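entry_14.pdb (PDB, C-alpha atoms and all ligand atoms)
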ATOM      1  CA  MET A   2     -16.121   6.791   6.162
ATOM      2  CA  LEU A   3     -14.295   4.996   8.978
ATOM      3  CA  SER A   4     -16.408   2.903  11.210
ATOM      4  CA  GLU A   5     -16.156   3.337  14.969
ATOM      5  CA  THR A   6     -18.904   1.751  16.984
ATOM      6  CA  PRO A   7     -19.184   2.776  20.614
ATOM      7  CA  SER A   8     -17.774   0.266  23.051
ATOM      8  CA  SER A   9     -17.405   0.349  26.802
ATOM      9  CA  LYS A  10     -14.147  -1.662  26.581
ATOM     10  CA  LYS A  11     -11.998   0.448  24.236
ATOM     11  CA  LYS A  12      -8.788  -1.227  23.083
ATOM     12  CA  VAL A  13      -5.622   0.823  23.376
ATOM     13  CA  PHE A  14      -2.996   0.817  20.622
ATOM     14  CA  SER A  15      -0.153  -1.623  21.137
ATOM     15  CA  PRO A  16       2.816  -2.078  18.789
ATOM     16  CA  SER A  17       2.218  -5.823  18.519
ATOM     17  CA  MET A  18      -1.427  -5.406  17.536
ATOM     18  CA  ARG A  19      -2.855  -8.093  15.286
ATOM     19  CA  TRP A  20      -5.584  -6.895  12.954
ATOM     20  CA  ASP A  21      -8.474  -9.146  11.983
ATOM     21  CA  VAL A  22      -8.719  -9.493   8.240
ATOM     22  CA  GLU A  23     -10.924 -10.959   5.547
ATOM     23  CA  LEU A  24     -10.733 -10.755   1.751
ATOM     24  CA  VAL A  25     -14.104  -9.253   0.779
ATOM     25  CA  HIS A  26     -13.824  -8.150  -2.886
ATOM     26  CA  THR A  27     -11.710  -9.243  -5.848
ATOM     27  CA  CYS A  28     -12.253  -6.940  -8.829
ATOM     28  CA  PHE A  29     -10.922  -7.613 -12.325
ATOM     29  CA  LEU A  30     -13.259  -5.114 -14.035
ATOM     30  CA  PRO A  31     -14.333  -1.518 -13.253
ATOM     31  CA  ALA A  32     -17.970  -2.673 -12.934
ATOM     32  CA  GLN A  33     -16.981  -4.937 -10.030
ATOM     33  CA  LEU A  34     -15.541  -2.100  -7.906
ATOM     34  CA  PRO A  35     -17.573  -1.547  -4.708
ATOM     35  CA  LEU A  36     -17.299   2.244  -5.014
ATOM     36  CA  GLU A  37     -20.356   3.009  -2.933
ATOM     37  CA  GLU A  38     -19.114   1.180   0.168
ATOM     38  CA  GLY A  39     -18.292   3.523   2.995
ATOM     39  CA  LEU A  40     -15.160   2.128   4.643
ATOM     40  CA  GLY A  41     -11.988   4.209   4.414
ATOM     41  CA  GLU A  42      -9.225   2.707   2.257
ATOM     42  CA  ILE A  43      -5.456   2.437   2.559
ATOM     43  CA  VAL A  44      -4.085   1.418  -0.836
ATOM     44  CA  LEU A  45      -0.755  -0.209  -1.683
ATOM     45  CA  VAL A  46       0.533   0.723  -5.161
ATOM     46  CA  GLY A  47       3.852   0.294  -6.926
ATOM     47  CA  ARG A  48       5.739  -1.433  -9.715
ATOM     48  CA  SER A  49       5.180  -5.119 -10.341
ATOM     49  CA  ASN A  50       7.328  -7.202  -8.011
ATOM     50  CA  VAL A  51       8.099  -4.294  -5.660
ATOM     51  CA  GLY A  52       6.559  -6.239  -2.770
ATOM     52  CA  LYS A  53       2.964  -4.974  -2.379
ATOM     53  CA  SER A  54       1.433  -8.352  -1.576
ATOM     54  CA  THR A  55       4.366  -9.278   0.660
ATOM     55  CA  LEU A  56       3.994  -6.061   2.635
ATOM     56  CA  MET A  57       0.239  -6.597   2.865
ATOM     57  CA  ASN A  58       0.833 -10.051   4.377
ATOM     58  CA  ALA A  59       3.430  -8.685   6.779
ATOM     59  CA  LEU A  60       1.080  -5.928   7.949
ATOM     60  CA  LEU A  61      -1.870  -8.270   8.292
ATOM     61  CA  LYS A  62       0.328 -11.008   9.831
ATOM     62  CA  LYS A  63      -1.310 -13.543   7.589
ATOM     63  CA  LYS A  64      -0.439 -15.139   4.220
ATOM     64  CA  ILE A  65      -3.580 -13.849   2.576
ATOM     65  CA  ALA A  66      -2.256 -12.076  -0.574
ATOM     66  CA  HIS A  67      -0.518 -14.145  -3.259
ATOM     67  CA  VAL A  68       3.216 -13.498  -3.555
ATOM     68  CA  SER A  69       5.410 -14.525  -6.475
ATOM     69  CA  GLY A  70       8.955 -14.006  -7.693
ATOM     70  CA  THR A  71       7.479 -13.496 -11.189
ATOM     71  CA  PRO A  72       6.173  -9.953 -11.835
ATOM     72  CA  GLY A  73       2.504  -9.490 -12.689
ATOM     73  CA  LYS A  74       1.150 -11.891 -10.064
ATOM     74  CA  THR A  75      -1.664  -9.674  -8.726
ATOM     75  CA  ARG A  76      -4.141  -8.952 -11.527
ATOM     76  CA  SER A  77      -7.170  -7.802  -9.573
ATOM     77  CA  ILE A  78      -7.922  -5.073  -7.039
ATOM     78  CA  ASN A  79      -8.301  -6.901  -3.745
ATOM     79  CA  TYR A  80     -10.107  -5.425  -0.753
ATOM     80  CA  TYR A  81      -9.224  -6.720   2.686
ATOM     81  CA  ARG A  82     -11.706  -5.762   5.362
ATOM     82  CA  THR A  83      -9.476  -5.045   8.330
ATOM     83  CA  SER A  84     -10.492  -4.416  11.898
ATOM     84  CA  TRP A  85      -9.064  -3.940  15.303
ATOM     85  CA  GLY A  86     -11.587  -3.821  18.090
ATOM     86  CA  GLU A  87     -14.285  -1.400  17.064
ATOM     87  CA  HIS A  88     -12.099   0.166  14.328
ATOM     88  CA  CYS A  89     -12.682  -0.928  10.782
ATOM     89  CA  TRP A  90     -11.218  -0.048   7.362
ATOM     90  CA  HIS A  91     -10.151  -1.567   4.011
ATOM     91  CA  MET A  92      -6.595  -2.391   3.033
ATOM     92  CA  VAL A  93      -6.441  -2.557  -0.784
ATOM     93  CA  ASP A  94      -3.858  -4.403  -2.905
ATOM     94  CA  VAL A  95      -3.736  -3.428  -6.593
ATOM     95  CA  PRO A  96      -1.943  -4.870  -9.663
ATOM     96  CA  GLY A  97       1.519  -3.416 -10.223
ATOM     97  CA  TYR A  98       2.667  -1.317 -13.178
ATOM     98  CA  GLY A  99       5.751  -1.403 -15.380
ATOM     99  CA  TYR A 100       5.500  -5.077 -16.257
ATOM    100  CA  ALA A 101       6.859  -5.099 -19.817
ATOM    101  CA  LYS A 102       5.530  -8.546 -20.747
ATOM    102  CA  ARG A 103       1.902  -7.482 -20.448
ATOM    103  CA  GLY A 104       0.323  -7.331 -23.892
ATOM    104  CA  GLY A 105      -1.344  -4.206 -25.341
ATOM    105  CA  GLN A 106      -4.893  -5.336 -24.511
ATOM    106  CA  GLU A 107      -3.899  -6.246 -20.987
ATOM    107  CA  GLN A 108      -2.151  -2.888 -20.494
ATOM    108  CA  LYS A 109      -5.326  -1.101 -21.611
ATOM    109  CA  ALA A 110      -7.525  -3.181 -19.286
ATOM    110  CA  TRP A 111      -5.120  -2.490 -16.416
ATOM    111  CA  ARG A 112      -5.199   1.269 -17.092
ATOM    112  CA  ARG A 113      -9.010   1.323 -17.263
ATOM    113  CA  LEU A 114      -9.292  -0.553 -13.980
ATOM    114  CA  MET A 115      -6.799   1.702 -12.186
ATOM    115  CA  GLU A 116      -8.346   4.930 -13.526
ATOM    116  CA  SER A 117     -11.827   3.788 -12.552
ATOM    117  CA  TYR A 118     -10.619   2.964  -9.083
ATOM    118  CA  PHE A 119      -8.483   6.016  -8.327
ATOM    119  CA  CYS A 120     -10.825   8.521  -9.980
ATOM    120  CA  GLY A 121     -14.020   6.842  -8.799
ATOM    121  CA  SER A 122     -13.493   5.762  -5.215
ATOM    122  CA  PRO A 123     -14.567   8.379  -2.663
ATOM    123  CA  ASN A 124     -13.064   6.275   0.147
ATOM    124  CA  ILE A 125      -9.330   6.399  -0.543
ATOM    125  CA  LEU A 126      -7.675   7.990   2.481
ATOM    126  CA  MET A 127      -4.021   7.341   1.715
ATOM    127  CA  VAL A 128      -1.943   5.681  -0.971
ATOM    128  CA  LEU A 129       1.177   3.897   0.188
ATOM    129  CA  HIS A 130       3.493   4.201  -2.800
ATOM    130  CA  LEU A 131       5.908   1.283  -2.569
ATOM    131  CA  VAL A 132       9.352   1.814  -4.068
ATOM    132  CA  ASP A 133      12.234  -0.676  -4.157
ATOM    133  CA  PHE A 134      14.883   0.734  -1.822
ATOM    134  CA  ARG A 135      17.679  -0.534  -4.059
ATOM    135  CA  HIS A 136      16.539   1.548  -7.040
ATOM    136  CA  GLY A 137      14.647   4.575  -5.743
ATOM    137  CA  LEU A 138      11.980   6.237  -7.872
ATOM    138  CA  LEU A 139      12.062   5.258 -11.538
ATOM    139  CA  GLU A 140      10.340   7.071 -14.384
ATOM    140  CA  LYS A 141       7.056   5.166 -14.057
ATOM    141  CA  ASP A 142       7.001   5.895 -10.305
ATOM    142  CA  ARG A 143       7.313   9.613 -11.006
ATOM    143  CA  GLU A 144       4.536   9.435 -13.584
ATOM    144  CA  LEU A 145       2.298   7.713 -11.038
ATOM    145  CA  GLN A 146       3.091  10.301  -8.368
ATOM    146  CA  ALA A 147       2.287  13.186 -10.723
ATOM    147  CA  TRP A 148      -0.967  11.533 -11.758
ATOM    148  CA  LEU A 149      -2.078  10.762  -8.176
ATOM    149  CA  ARG A 150      -1.305  14.332  -7.181
ATOM    150  CA  ASP A 151      -3.461  15.608 -10.029
ATOM    151  CA  VAL A 152      -6.288  13.378  -8.824
ATOM    152  CA  GLY A 153      -5.764  14.867  -5.345
ATOM    153  CA  ILE A 154      -4.782  11.761  -3.383
ATOM    154  CA  HIS A 155      -2.503  11.696  -0.310
ATOM    155  CA  ILE A 156       0.719   9.808  -1.052
ATOM    156  CA  GLN A 157       3.138   8.252   1.414
ATOM    157  CA  VAL A 158       6.329   6.679   0.051
ATOM    158  CA  VAL A 159       7.256   3.318   1.596
ATOM    159  CA  PHE A 160      10.570   1.767   0.602
ATOM    160  CA  THR A 161      10.598  -2.028   0.337
ATOM    161  CA  LYS A 162      13.339  -4.681   0.336
ATOM    162  CA  ALA A 163      15.554  -2.581   2.626
ATOM    163  CA  ASP A 164      16.622  -5.843   4.285
ATOM    164  CA  LYS A 165      18.806  -6.344   1.195
ATOM    165  CA  ILE A 166      20.854  -3.231   2.061
ATOM    166  CA  ALA A 167      23.115  -2.690   5.097
ATOM    167  CA  ARG A 168      21.270  -0.787   7.793
ATOM    168  CA  SER A 169      24.180   1.678   8.142
ATOM    169  CA  LYS A 170      23.387   3.004   4.634
ATOM    170  CA  HIS A 171      19.647   3.537   5.106
ATOM    171  CA  ARG A 172      19.646   7.096   6.416
ATOM    172  CA  HIS A 173      21.952   8.423   3.761
ATOM    173  CA  MET A 174      19.997   6.676   1.004
ATOM    174  CA  VAL A 175      16.679   8.108   2.199
ATOM    175  CA  GLN A 176      18.260  11.576   2.182
ATOM    176  CA  GLN A 177      19.629  11.090  -1.337
ATOM    177  CA  TYR A 178      16.314   9.831  -2.724
ATOM    178  CA  THR A 179      14.451  12.674  -1.043
ATOM    179  CA  LYS A 180      16.892  15.222  -2.481
ATOM    180  CA  LYS A 181      16.207  13.913  -5.976
ATOM    181  CA  GLY A 182      12.536  14.771  -5.415
ATOM    182  CA  LEU A 183       9.547  12.731  -4.363
ATOM    183  CA  TYR A 184       6.030  13.396  -3.132
ATOM    184  CA  SER A 185       5.317  12.015   0.320
ATOM    185  CA  MET A 186       3.144  13.253   3.185
ATOM    186  CA  ASP A 187       5.788  12.288   5.720
ATOM    187  CA  ILE A 188       9.459  11.329   5.333
ATOM    188  CA  PRO A 189       9.613   8.026   3.454
ATOM    189  CA  TRP A 190       9.118   4.940   5.586
ATOM    190  CA  VAL A 191      11.638   2.104   5.209
ATOM    191  CA  THR A 192      10.632  -1.561   5.354
ATOM    192  CA  GLY A 193      12.117  -4.955   4.696
ATOM    193  CA  ALA A 194       9.365  -7.513   4.943
ATOM    194  CA  GLY A 195      11.929 -10.304   4.506
ATOM    195  CA  LYS A 196      13.239  -9.543   7.999
ATOM    196  CA  ASN A 197      10.109  -7.921   9.405
ATOM    197  CA  MET A 198      11.987  -4.605   9.289
ATOM    198  CA  GLY A 199       9.907  -1.479   9.897
ATOM    199  CA  ILE A 200       6.630  -3.421   9.885
ATOM    200  CA  ALA A 201       5.513  -2.586  13.429
ATOM    201  CA  GLU A 202       6.304   1.108  12.773
ATOM    202  CA  LEU A 203       4.374   1.046   9.511
ATOM    203  CA  GLN A 204       1.437  -0.587  11.232
ATOM    204  CA  GLU A 205       1.496   2.065  13.935
ATOM    205  CA  ASN A 206       1.786   4.886  11.385
ATOM    206  CA  ILE A 207      -1.224   3.601   9.453
ATOM    207  CA  PHE A 208      -3.264   3.174  12.597
ATOM    208  CA  ARG A 209      -2.370   6.624  13.922
ATOM    209  CA  PHE A 210      -3.226   8.161  10.555
ATOM    210  CA  LEU A 211      -6.629   6.459  10.542
ATOM    211  CA  PHE A 212      -7.475   6.953  14.205
ATOM    212  CA  PRO A 213      -5.449   9.894  15.542
ATOM    213  CA  LYS A 214      -7.446  10.052  18.756
ATOM    214  CA  CYS A 215      -6.583   6.484  19.878
TER     215      CYS A 215
HETATM  216  N1  LIG B 301      14.031  -9.700   0.763
HETATM  217  C1  LIG B 301      12.830  -9.218   0.487
HETATM  218  N2  LIG B 301      12.104  -9.754  -0.527
HETATM  219  C2  LIG B 301      10.880  -9.212  -0.778
HETATM  220  C3  LIG B 301      10.364  -8.120  -0.029
HETATM  221  N3  LIG B 301       9.158  -7.806  -0.517
HETATM  222  C4  LIG B 301       8.918  -8.671  -1.526
HETATM  223  N4  LIG B 301       9.950  -9.512  -1.693
HETATM  224  C5  LIG B 301      10.047 -10.563  -2.737
HETATM  225  O1  LIG B 301       9.788  -9.933  -4.001
HETATM  226  C6  LIG B 301       9.007 -10.783  -4.855
HETATM  227  C7  LIG B 301       7.726 -10.053  -5.289
HETATM  228  O2  LIG B 301       6.879  -9.857  -4.171
HETATM  229  P1  LIG B 301       5.295  -9.571  -4.304
HETATM  230  O3  LIG B 301       4.845  -9.221  -2.947
HETATM  231  O4  LIG B 301       4.621 -10.683  -5.020
HETATM  232  O5  LIG B 301       5.321  -8.285  -5.231
HETATM  233  P2  LIG B 301       4.068  -7.457  -5.808
HETATM  234  O6  LIG B 301       4.435  -6.023  -5.770
HETATM  235  O7  LIG B 301       2.818  -7.848  -5.106
HETATM  236  O8  LIG B 301       4.045  -7.963  -7.316
HETATM  237  P3  LIG B 301       2.801  -7.949  -8.379
HETATM  238  O9  LIG B 301       1.630  -8.602  -7.725
HETATM  239  O10 LIG B 301       3.357  -8.748  -9.524
HETATM  240  O11 LIG B 301       2.569  -6.525  -8.759
HETATM  241  C8  LIG B 301       8.763 -12.058  -4.038
HETATM  242  O12 LIG B 301       9.742 -13.012  -4.414
HETATM  243  C9  LIG B 301       8.961 -11.627  -2.597
HETATM  244  O13 LIG B 301       9.383 -12.684  -1.761
HETATM  245  C10 LIG B 301      11.156  -7.572   1.032
HETATM  246  O14 LIG B 301      10.809  -6.594   1.722
HETATM  247  N5  LIG B 301      12.379  -8.166   1.244
HETATM  248 MG    MG B 302       1.015  -8.618  -5.756
END
Reformat the file's structure so that it appears as C-alpha cells.
Amino acid sequence: MLSETPSSKKKVFSPSMRWDVELVHTCFLPAQLPLEEGLGEIVLVGRSNVGKSTLMNALLKKKIAHVSGTPGKTRSINYYRTSWGEHCWHMVDVPGYGYAKRGGQEQKAWRRLMESYFCGSPNILMVLHLVDFRHGLLEKDRELQAWLRDVGIHIQVVFTKADKIARSKHRHMVQQYTKKGLYSMDIPWVTGAGKNMGIAELQENIFRFLFPKC
C-alpha cells in the first residue's frame, strides 16, 4: 500500500520537513475514482468551511487546494500525491457536508460520491475528521463518525480554527469535548492554520503513523 523504495541515503524525519506534492486526480463522479491505485491515503473530512483545504495547504506548505470563505467550495475528491524522500502516499481532500444551500440533486450526487469513495477505496489508512474548535462536534459530525465506524475506518479528530480561541482555554475545551463523546484514535489534535498552530505536530503525527519505523 505505502511505497518505500530502497535507498542508500535514507532521510531522517525532521519537524520542518517539506513534502513534495502534486495534484494527480480530481473526481466529481464515482466512476472517476482511482480505487485500484495502491498508495495509502490520508483523508481530510469535515463540514463545509471547517478548513479542510486550508489545513491541506498548511500541511503541504503550498497553496494547492482552493480555499474560500463561502461554504461548498470543494466539490470534487482531490488526490495529492505526496512524497518525502523514498516515502510516498496520497493526501485526499473531499467536499464538505452540512452545506444547507446545496440542492436535492446535488446532495444526492455528493452522497453517492462519498459512499463510493469510503466504501470502495481499499487504500484509506486514516481519516482526519476536522471539527471547528469553536463549536465542537455537531449532529452531522456525530452521524459521520458513526457511519465511518460502521465502515471500519480509523478516525482521528483534528480541531481547526483554534487560533481564534485563547491558548489558555485549549486544554479545558479539549477535555470538555472529549467528555461529551467522540471517536478518535488518539486524543484530538488542535490546529489553527491561520497562525500555523499545531501544523508541525500534525505533520509529524501523520508521518509517524504512516512510517512508524522512521
Ligand atoms: N483563522 C482561521 N481561519 C481558517 C482556518 N481554517 C480555515 N479558515 C478559513 O475558513 C474558511 C474556509 O476554509 P476552507 O479551507 O475553504 O474550508 P473547507 O473545509 O475546505 O470548505 P469546503 O471546501 O467548502 O468544504 C476560509 O475563509 C479560511 O481562510 C484556521 O485554522 N484559522
Ligand atoms: Mg475545501
Hits from the PyMOL selection byres (((not hetatm)) within 6 of (chain B and resi 302)), listed as a ChimeraX atom specification: /A:53-54,68,74-75
Hits of the PyMOL selection byres (((not hetatm)) within 6 of (chain B and resi 301)) in this structure, as a count of residues only: 23
Residues in the PyMOL selection byres (((chain A and resi 180-188) around 10) and not hetatm), expressed as a PyMOL selection string: chain A and resi 127-130+137-138+142-143+146-147+149-150+155-159+174-179+189-191
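Interatomic distance, atom CA of Tyr98 of chain A against atom CA of Lys141 of chain A: 7.9 Å.
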Selected residue, from A:Ser169, A:Glu140, A:Pro31, A:Val22, that lies nearest to Phe119 of chain A when counting only C-alpha atoms: A:Pro31
Using the atoms already present, construct N, CA, C and O atoms for segment 47-66 of chain A and hand them back as a PDB file, in the frame of the given file.
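Saved result, out_29.pdb, follows:
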ATOM      1  N   GLY A  47       2.430   0.317  -6.603  1.00  0.00           N
ATOM      2  CA  GLY A  47       3.852   0.294  -6.926  1.00  0.00           C
ATOM      3  C   GLY A  47       4.105  -0.589  -8.130  1.00  0.00           C
ATOM      4  O   GLY A  47       3.196  -1.245  -8.642  1.00  0.00           O
ATOM      5  N   ARG A  48       5.362  -0.616  -8.561  1.00  0.00           N
ATOM      6  CA  ARG A  48       5.739  -1.433  -9.715  1.00  0.00           C
ATOM      7  C   ARG A  48       5.471  -2.906  -9.440  1.00  0.00           C
ATOM      8  O   ARG A  48       5.454  -3.321  -8.277  1.00  0.00           O
ATOM      9  N   SER A  49       5.309  -3.670 -10.493  1.00  0.00           N
ATOM     10  CA  SER A  49       5.180  -5.119 -10.341  1.00  0.00           C
ATOM     11  C   SER A  49       6.423  -5.634  -9.641  1.00  0.00           C
ATOM     12  O   SER A  49       7.543  -5.200  -9.949  1.00  0.00           O
ATOM     13  N   ASN A  50       6.218  -6.543  -8.704  1.00  0.00           N
ATOM     14  CA  ASN A  50       7.328  -7.202  -8.011  1.00  0.00           C
ATOM     15  C   ASN A  50       7.988  -6.344  -6.920  1.00  0.00           C
ATOM     16  O   ASN A  50       8.986  -6.750  -6.336  1.00  0.00           O
ATOM     17  N   VAL A  51       7.459  -5.155  -6.655  1.00  0.00           N
ATOM     18  CA  VAL A  51       8.099  -4.294  -5.660  1.00  0.00           C
ATOM     19  C   VAL A  51       7.876  -4.837  -4.239  1.00  0.00           C
ATOM     20  O   VAL A  51       8.623  -4.504  -3.308  1.00  0.00           O
ATOM     21  N   GLY A  52       6.815  -5.655  -4.088  1.00  0.00           N
ATOM     22  CA  GLY A  52       6.559  -6.239  -2.770  1.00  0.00           C
ATOM     23  C   GLY A  52       5.259  -5.789  -2.117  1.00  0.00           C
ATOM     24  O   GLY A  52       5.136  -5.802  -0.888  1.00  0.00           O
ATOM     25  N   LYS A  53       4.256  -5.440  -2.936  1.00  0.00           N
ATOM     26  CA  LYS A  53       2.964  -4.974  -2.379  1.00  0.00           C
ATOM     27  C   LYS A  53       2.268  -6.090  -1.602  1.00  0.00           C
ATOM     28  O   LYS A  53       1.834  -5.888  -0.464  1.00  0.00           O
ATOM     29  N   SER A  54       2.156  -7.257  -2.232  1.00  0.00           N
ATOM     30  CA  SER A  54       1.433  -8.352  -1.576  1.00  0.00           C
ATOM     31  C   SER A  54       2.212  -8.851  -0.361  1.00  0.00           C
ATOM     32  O   SER A  54       1.624  -9.188   0.671  1.00  0.00           O
ATOM     33  N   THR A  55       3.529  -8.855  -0.472  1.00  0.00           N
ATOM     34  CA  THR A  55       4.366  -9.278   0.660  1.00  0.00           C
ATOM     35  C   THR A  55       4.173  -8.336   1.847  1.00  0.00           C
ATOM     36  O   THR A  55       4.026  -8.776   2.992  1.00  0.00           O
ATOM     37  N   LEU A  56       4.157  -7.028   1.549  1.00  0.00           N
ATOM     38  CA  LEU A  56       3.994  -6.061   2.635  1.00  0.00           C
ATOM     39  C   LEU A  56       2.588  -6.170   3.240  1.00  0.00           C
ATOM     40  O   LEU A  56       2.416  -6.050   4.458  1.00  0.00           O
ATOM     41  N   MET A  57       1.613  -6.418   2.377  1.00  0.00           N
ATOM     42  CA  MET A  57       0.239  -6.597   2.865  1.00  0.00           C
ATOM     43  C   MET A  57       0.208  -7.762   3.857  1.00  0.00           C
ATOM     44  O   MET A  57      -0.341  -7.654   4.953  1.00  0.00           O
ATOM     45  N   ASN A  58       0.815  -8.878   3.486  1.00  0.00           N
ATOM     46  CA  ASN A  58       0.833 -10.051   4.377  1.00  0.00           C
ATOM     47  C   ASN A  58       1.570  -9.748   5.679  1.00  0.00           C
ATOM     48  O   ASN A  58       1.140 -10.180   6.752  1.00  0.00           O
ATOM     49  N   ALA A  59       2.660  -9.008   5.570  1.00  0.00           N
ATOM     50  CA  ALA A  59       3.430  -8.685   6.779  1.00  0.00           C
ATOM     51  C   ALA A  59       2.608  -7.795   7.719  1.00  0.00           C
ATOM     52  O   ALA A  59       2.591  -8.000   8.934  1.00  0.00           O
ATOM     53  N   LEU A  60       1.905  -6.832   7.124  1.00  0.00           N
ATOM     54  CA  LEU A  60       1.080  -5.928   7.949  1.00  0.00           C
ATOM     55  C   LEU A  60      -0.085  -6.664   8.593  1.00  0.00           C
ATOM     56  O   LEU A  60      -0.436  -6.411   9.742  1.00  0.00           O
ATOM     57  N   LEU A  61      -0.674  -7.561   7.816  1.00  0.00           N
ATOM     58  CA  LEU A  61      -1.870  -8.270   8.292  1.00  0.00           C
ATOM     59  C   LEU A  61      -1.501  -9.527   9.082  1.00  0.00           C
ATOM     60  O   LEU A  61      -2.365 -10.215   9.615  1.00  0.00           O
ATOM     61  N   LYS A  62      -0.192  -9.835   9.113  1.00  0.00           N
ATOM     62  CA  LYS A  62       0.328 -11.008   9.831  1.00  0.00           C
ATOM     63  C   LYS A  62      -0.388 -12.287   9.416  1.00  0.00           C
ATOM     64  O   LYS A  62      -0.754 -13.119  10.244  1.00  0.00           O
ATOM     65  N   LYS A  63      -0.574 -12.407   8.119  1.00  0.00           N
ATOM     66  CA  LYS A  63      -1.310 -13.543   7.589  1.00  0.00           C
ATOM     67  C   LYS A  63      -0.947 -13.711   6.113  1.00  0.00           C
ATOM     68  O   LYS A  63      -0.852 -12.705   5.397  1.00  0.00           O
ATOM     69  N   LYS A  64      -0.749 -14.934   5.644  1.00  0.00           N
ATOM     70  CA  LYS A  64      -0.439 -15.139   4.220  1.00  0.00           C
ATOM     71  C   LYS A  64      -1.745 -15.138   3.451  1.00  0.00           C
ATOM     72  O   LYS A  64      -2.261 -16.189   3.074  1.00  0.00           O
ATOM     73  N   ILE A  65      -2.256 -13.972   3.191  1.00  0.00           N
ATOM     74  CA  ILE A  65      -3.580 -13.849   2.576  1.00  0.00           C
ATOM     75  C   ILE A  65      -3.484 -13.359   1.121  1.00  0.00           C
ATOM     76  O   ILE A  65      -4.300 -13.704   0.290  1.00  0.00           O
ATOM     77  N   ALA A  66      -2.456 -12.556   0.810  1.00  0.00           N
ATOM     78  CA  ALA A  66      -2.256 -12.076  -0.574  1.00  0.00           C
ATOM     79  C   ALA A  66      -1.222 -12.976  -1.252  1.00  0.00           C
ATOM     80  O   ALA A  66      -0.259 -13.399  -0.608  1.00  0.00           O
TER      81      ALA A  66
END
